[in-house]
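Trainee: Please find one structure pasted underneath; my questions will follow.
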Amino acid sequence: MQESSLPNWHNVNVAECFREPAEYFLVSKDPAALHATYNNYSLIRRIYGQVPGGMFGSDENCRHGYIDPRQGTETCGFVEQMLSDEILMAQTGDLLWMENLEDVAFNSYPASMTEDLRALRYLTCPNQVQADSNNHNPGVDNSGPFFCMNPFSSRCCQHNHSMGWPYYSQNLMLASADGGAACLIYADCKATLKVADGQTVTIDEQTHYPFSEDILLTIGGLKKNQTVNFPLYLRIPTWTKGAHVTVNGKTIDCQVHSGLLQIQNEWKNGDEVKLYLPMRLTKRVWALNKNSVSINYGPITMSLLIKERYEKKDSRETAIGDSHWQEGADASKWPTFEIYADSPWNYALVENLHSMKVEKRPWPENNYPFNHENTPIRIKARGACVEGWGQDATGLCQILPDARARRGKVEEITLIPMGAARLRISAFPPMR
Ligand SMILES: [Zn+2]
């Protein structure tokens, strides 16, 4: 099963089919099937996934040589990748899948839609400097208006985009085989679950993760004076150092096995578990993509802040042929938006993490952190424009410049989360 080809290179099929061999393994018990899942995953990441955002360069279908961060994936691809990660977590117990899930959920998926969730684009890319209705083929595989935010167009994604967060929510609290509860992805929620020998408990989770480092879990749902003994498992991500946990204010010594922290306890109503996951700046270098650089703060990957100018268009004019929107839909209430850059984007990045400054901002009142104004985190960094790195004849950003392209004067730049940036540079050319 260690093959270097797949039967199909369509991005959505690829995202869905990570889960299929592992699913078959549960029935067949043939380890070769399980290996195939990992083989497919490493094959895709190795060739087309040398980019931030947890996805891979495909557009419609992966093509030999098209590996630059300007290649994108369908919104369907994001949703199906997230679902594969969630299913694979339950099938394998391997936290690798949760880390990829977060990468897609926080960094790629939110930028595929307008912030009011009324329109989406077919293709979203780690480096994407114009979101218009032009045809960007042959730079991207698809021919047609696949970059603009259209509420009518691209039926497959219209049907699928709304499932990403519900699937995610379904997996916030999982049952463990030993009668416990496993909290492997973090988000505000309240879960009712059966633990131990069938006792019902609730776990109330409060956090602004991934924009905060604290997670508070409160146990409830038991009768007065009742206690129940069960293990609570918490995921410690690989990007954190110095994670610690308290139970009712007391630091506890617990062991972490394969990224899972286990707290075996006699629980009662009101017990509080506080988990602290310190975040820090880290850097990734994408050697296969011209040593381009991405900056992370915890699980959040940062993008250049590019001023976005929205232009309203008639959705009927920019929809692709198979759209078939609802008869009588009022197009004036459902406009398309094209997004253009109103500030330079062709920056190389000064990679020195010590020269970057993290700015924390208040949590937004409307609970929507994925836009320029609301983002709870910004980073001040330094960069310089790269001479000759611009857009091709279709408006698509050119592939990453090489090391010889001249860098201009170093200036201050601002980075925001990729998920909050509809126009973005998230794989930067290095200064040298
Ligand atoms: Zn789609």
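Residues are referred to by chain and number: the chain letter is A, B, ... according to the order shown in the structure tokens, the number counts from 1 in that chain, and ligands are numbered separately from 1 in the order shown.
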Please write out the residues within 10 Å of ligand 1 as a list in words, counting only C-alpha atoms and all ligand atoms.

Mentor: Asn11, Val12, Glu60, Thr73, Glu74, Thr75, Cys76, Gly77, Phe78, Val79, Glu80, Arg121, Tyr122, Leu123, Ser153, Ser154, Arg155, Cys156, Cys157, Gln158, His159, Asn160 and His161 of chain A

Trainee: I want to know what sits within 7 Å of Ile215 of chain A, based on only C-alpha atoms, with residues of the same chain fewer than 5 positions away left out; could you give that as JSON, numbers by chain?

Mentor: {"A": [206, 207, 274, 275, 276]}

Trainee: Would you mind writing down, as a PyMOL selection string, each residue of segment 327-395 of chain A that DSSP on the backbone assigns to strand (DSSP E or B)?

Mentor: chain A and resi 336-341+347-349+357-360+377-386+391

Trainee: Taking only C-alpha atoms into account, name the residue in A:Ala36, A:Leu277, A:Leu423, A:Leu26 that is nearest to Ala90 of chain A.

Mentor: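 The shortest atom-to-atom distance to Ala90 of chain A comes from A:Leu26.
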
Trainee: Per DSSP on the backbone, what are the helix (DSSP H, G or I) residues of segment 167-390 of chain A, as a ChimeraX atom specification?

Mentor: /A:167-170,287-289,315-318,331-333,353-355

Trainee: Set out as a Markdown table a contact list for segment 86-133 of chain A and segment 217-236 of chain A with a cut-off of 12 Å, giving each residue of segment 86-133 of chain A that qualifies its closest atom pair and distance in Å to one decimal, counting only C-alpha atoms, ordered by chain and rising residue number.

Mentor:
| residue | atom | partner | partner_atom | distance |
| --- | --- | --- | --- | --- |
| A:Met89 | CA | A:Arg235 | CA | 11.9 |
| A:Gly93 | CA | A:Arg235 | CA | 11.3 |
| A:Asp94 | CA | A:Arg235 | CA | 10.9 |
| A:Leu95 | CA | A:Arg235 | CA | 7.9 |
| A:Leu96 | CA | A:Arg235 | CA | 11.0 |
| A:Trp97 | CA | A:Arg235 | CA | 11.9 |
| A:Met98 | CA | A:Arg235 | CA | 9.0 |
| A:Glu99 | CA | A:Arg235 | CA | 10.0 |

Trainee: Excluding His136 of chain A and its own-chain neighbours fewer than 4 positions away, which residues fall within 10 Å of it when counting only C-alpha atoms? Please give them as a short mmCIF file (atom, residue, chain, number, x, y, z; two decimals) with C-alpha atoms, in the first residue's frame.

Mentor:
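around.cif written:
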data_model
loop_
_atom_site.label_atom_id
_atom_site.label_comp_id
_atom_site.auth_asym_id
_atom_site.auth_seq_id
_atom_site.Cartn_x
_atom_site.Cartn_y
_atom_site.Cartn_z
CA ASP A 132 -12.52 38.54 -7.94
CA VAL A 140 -5.29 27.60 -10.84
CA ASP A 141 -6.81 24.39 -12.19
CA ASN A 142 -10.39 25.70 -12.48
CA SER A 143 -11.60 27.94 -15.28
CA GLY A 144 -14.20 30.42 -14.08
CA PRO A 145 -15.12 32.89 -11.31
CA PHE A 146 -13.91 30.81 -8.37
CA PHE A 147 -12.35 33.47 -6.12
CA ASP A 392 -0.06 37.75 -13.40
CA ALA A 393 -2.25 38.80 -16.34
CA THR A 394 -5.34 37.25 -14.68
CA GLY A 395 -4.75 39.04 -11.35
CA LEU A 396 -3.47 35.92 -9.59
CA CYS A 397 -0.44 36.53 -7.35
#

Trainee: I'd like the neighbourhood of Gln398 of chain A as number ranges by chain, where a residue qualifies if any of its atoms comes within 10 Å (using only C-alpha atoms), though same-chain residues fewer than 5 positions away should be ignored.

Mentor: A: 68, 70, 127-129, 139, 346, 388-393

Trainee: Just N, CA and C atoms for this one: save the residues we selected as an mmCIF file, in the first residue's frame.

Mentor:
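Produced file selection.cif, reproduced below:
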data_model
loop_
_atom_site.group_PDB
_atom_site.id
_atom_site.type_symbol
_atom_site.label_atom_id
_atom_site.label_comp_id
_atom_site.auth_asym_id
_atom_site.auth_seq_id
_atom_site.Cartn_x
_atom_site.Cartn_y
_atom_site.Cartn_z
ATOM 1 N N ASP A 68 2.763 25.805 -5.089
ATOM 2 C CA ASP A 68 2.928 27.123 -4.464
ATOM 3 C C ASP A 68 1.733 27.421 -3.539
ATOM 4 N N ARG A 70 -0.100 29.761 -3.578
ATOM 5 C CA ARG A 70 -1.210 30.427 -4.273
ATOM 6 C C ARG A 70 -2.244 29.420 -4.770
ATOM 7 N N ASN A 127 -1.867 31.958 0.100
ATOM 8 C CA ASN A 127 -1.500 33.268 -0.444
ATOM 9 C C ASN A 127 -2.528 33.636 -1.506
ATOM 10 N N GLN A 128 -3.312 34.665 -1.243
ATOM 11 C CA GLN A 128 -4.411 35.027 -2.150
ATOM 12 C C GLN A 128 -4.594 36.533 -2.026
ATOM 13 N N VAL A 129 -4.277 37.272 -3.069
ATOM 14 C CA VAL A 129 -4.216 38.731 -2.924
ATOM 15 C C VAL A 129 -5.337 39.449 -3.665
ATOM 16 N N GLY A 139 -3.235 29.391 -13.987
ATOM 17 C CA GLY A 139 -2.541 29.447 -12.694
ATOM 18 C C GLY A 139 -3.218 28.577 -11.657
ATOM 19 N N ASN A 346 3.308 42.493 -1.243
ATOM 20 C CA ASN A 346 4.438 41.673 -1.719
ATOM 21 C C ASN A 346 5.640 41.733 -0.767
ATOM 22 N N GLY A 388 9.432 43.120 -8.139
ATOM 23 C CA GLY A 388 9.036 42.233 -9.235
ATOM 24 C C GLY A 388 8.044 41.159 -8.843
ATOM 25 N N TRP A 389 7.692 41.044 -7.553
ATOM 26 C CA TRP A 389 6.688 40.046 -7.153
ATOM 27 C C TRP A 389 5.319 40.720 -7.214
ATOM 28 N N GLY A 390 4.538 40.354 -8.226
ATOM 29 C CA GLY A 390 3.265 41.031 -8.438
ATOM 30 C C GLY A 390 2.183 40.042 -8.828
ATOM 31 N N GLN A 391 1.277 40.487 -9.694
ATOM 32 C CA GLN A 391 0.161 39.640 -10.119
ATOM 33 C C GLN A 391 0.320 39.301 -11.600
ATOM 34 N N ASP A 392 -0.149 38.125 -11.989
ATOM 35 C CA ASP A 392 -0.060 37.750 -13.402
ATOM 36 C C ASP A 392 -1.187 38.419 -14.188
ATOM 37 N N ALA A 393 -1.295 38.117 -15.468
ATOM 38 C CA ALA A 393 -2.249 38.803 -16.339
ATOM 39 C C ALA A 393 -3.696 38.591 -15.888
#

Trainee: Compile the contact shell of Pro21 of chain A as JSON, numbers by chain: residues with an atom at most 8 Å away, counting only C-alpha atoms, same-chain residues fewer than 2 positions apart removed.

Mentor: {"A": [17, 18, 19, 23, 24, 25, 33, 34, 36, 37]}

Trainee: Could you please take those selected residues and save C-alpha atoms as a compact mmCIF listing (two decimals), in the first residue's frame?

Mentor:
# COMPACT_ATOMS: atom_id res chain seq x y z
CA CYS A 17 -10.57 9.54 1.42
CA PHE A 18 -8.06 9.91 4.24
CA ARG A 19 -10.73 8.34 6.43
CA GLU A 23 -12.68 2.86 8.33
CA TYR A 24 -12.21 -0.34 6.33
CA PHE A 25 -9.48 -1.41 8.78
CA ALA A 33 -5.57 -0.53 5.27
CA LEU A 34 -4.66 1.59 8.28
CA ALA A 36 -2.85 3.38 3.63
CA THR A 37 -4.55 6.24 5.50
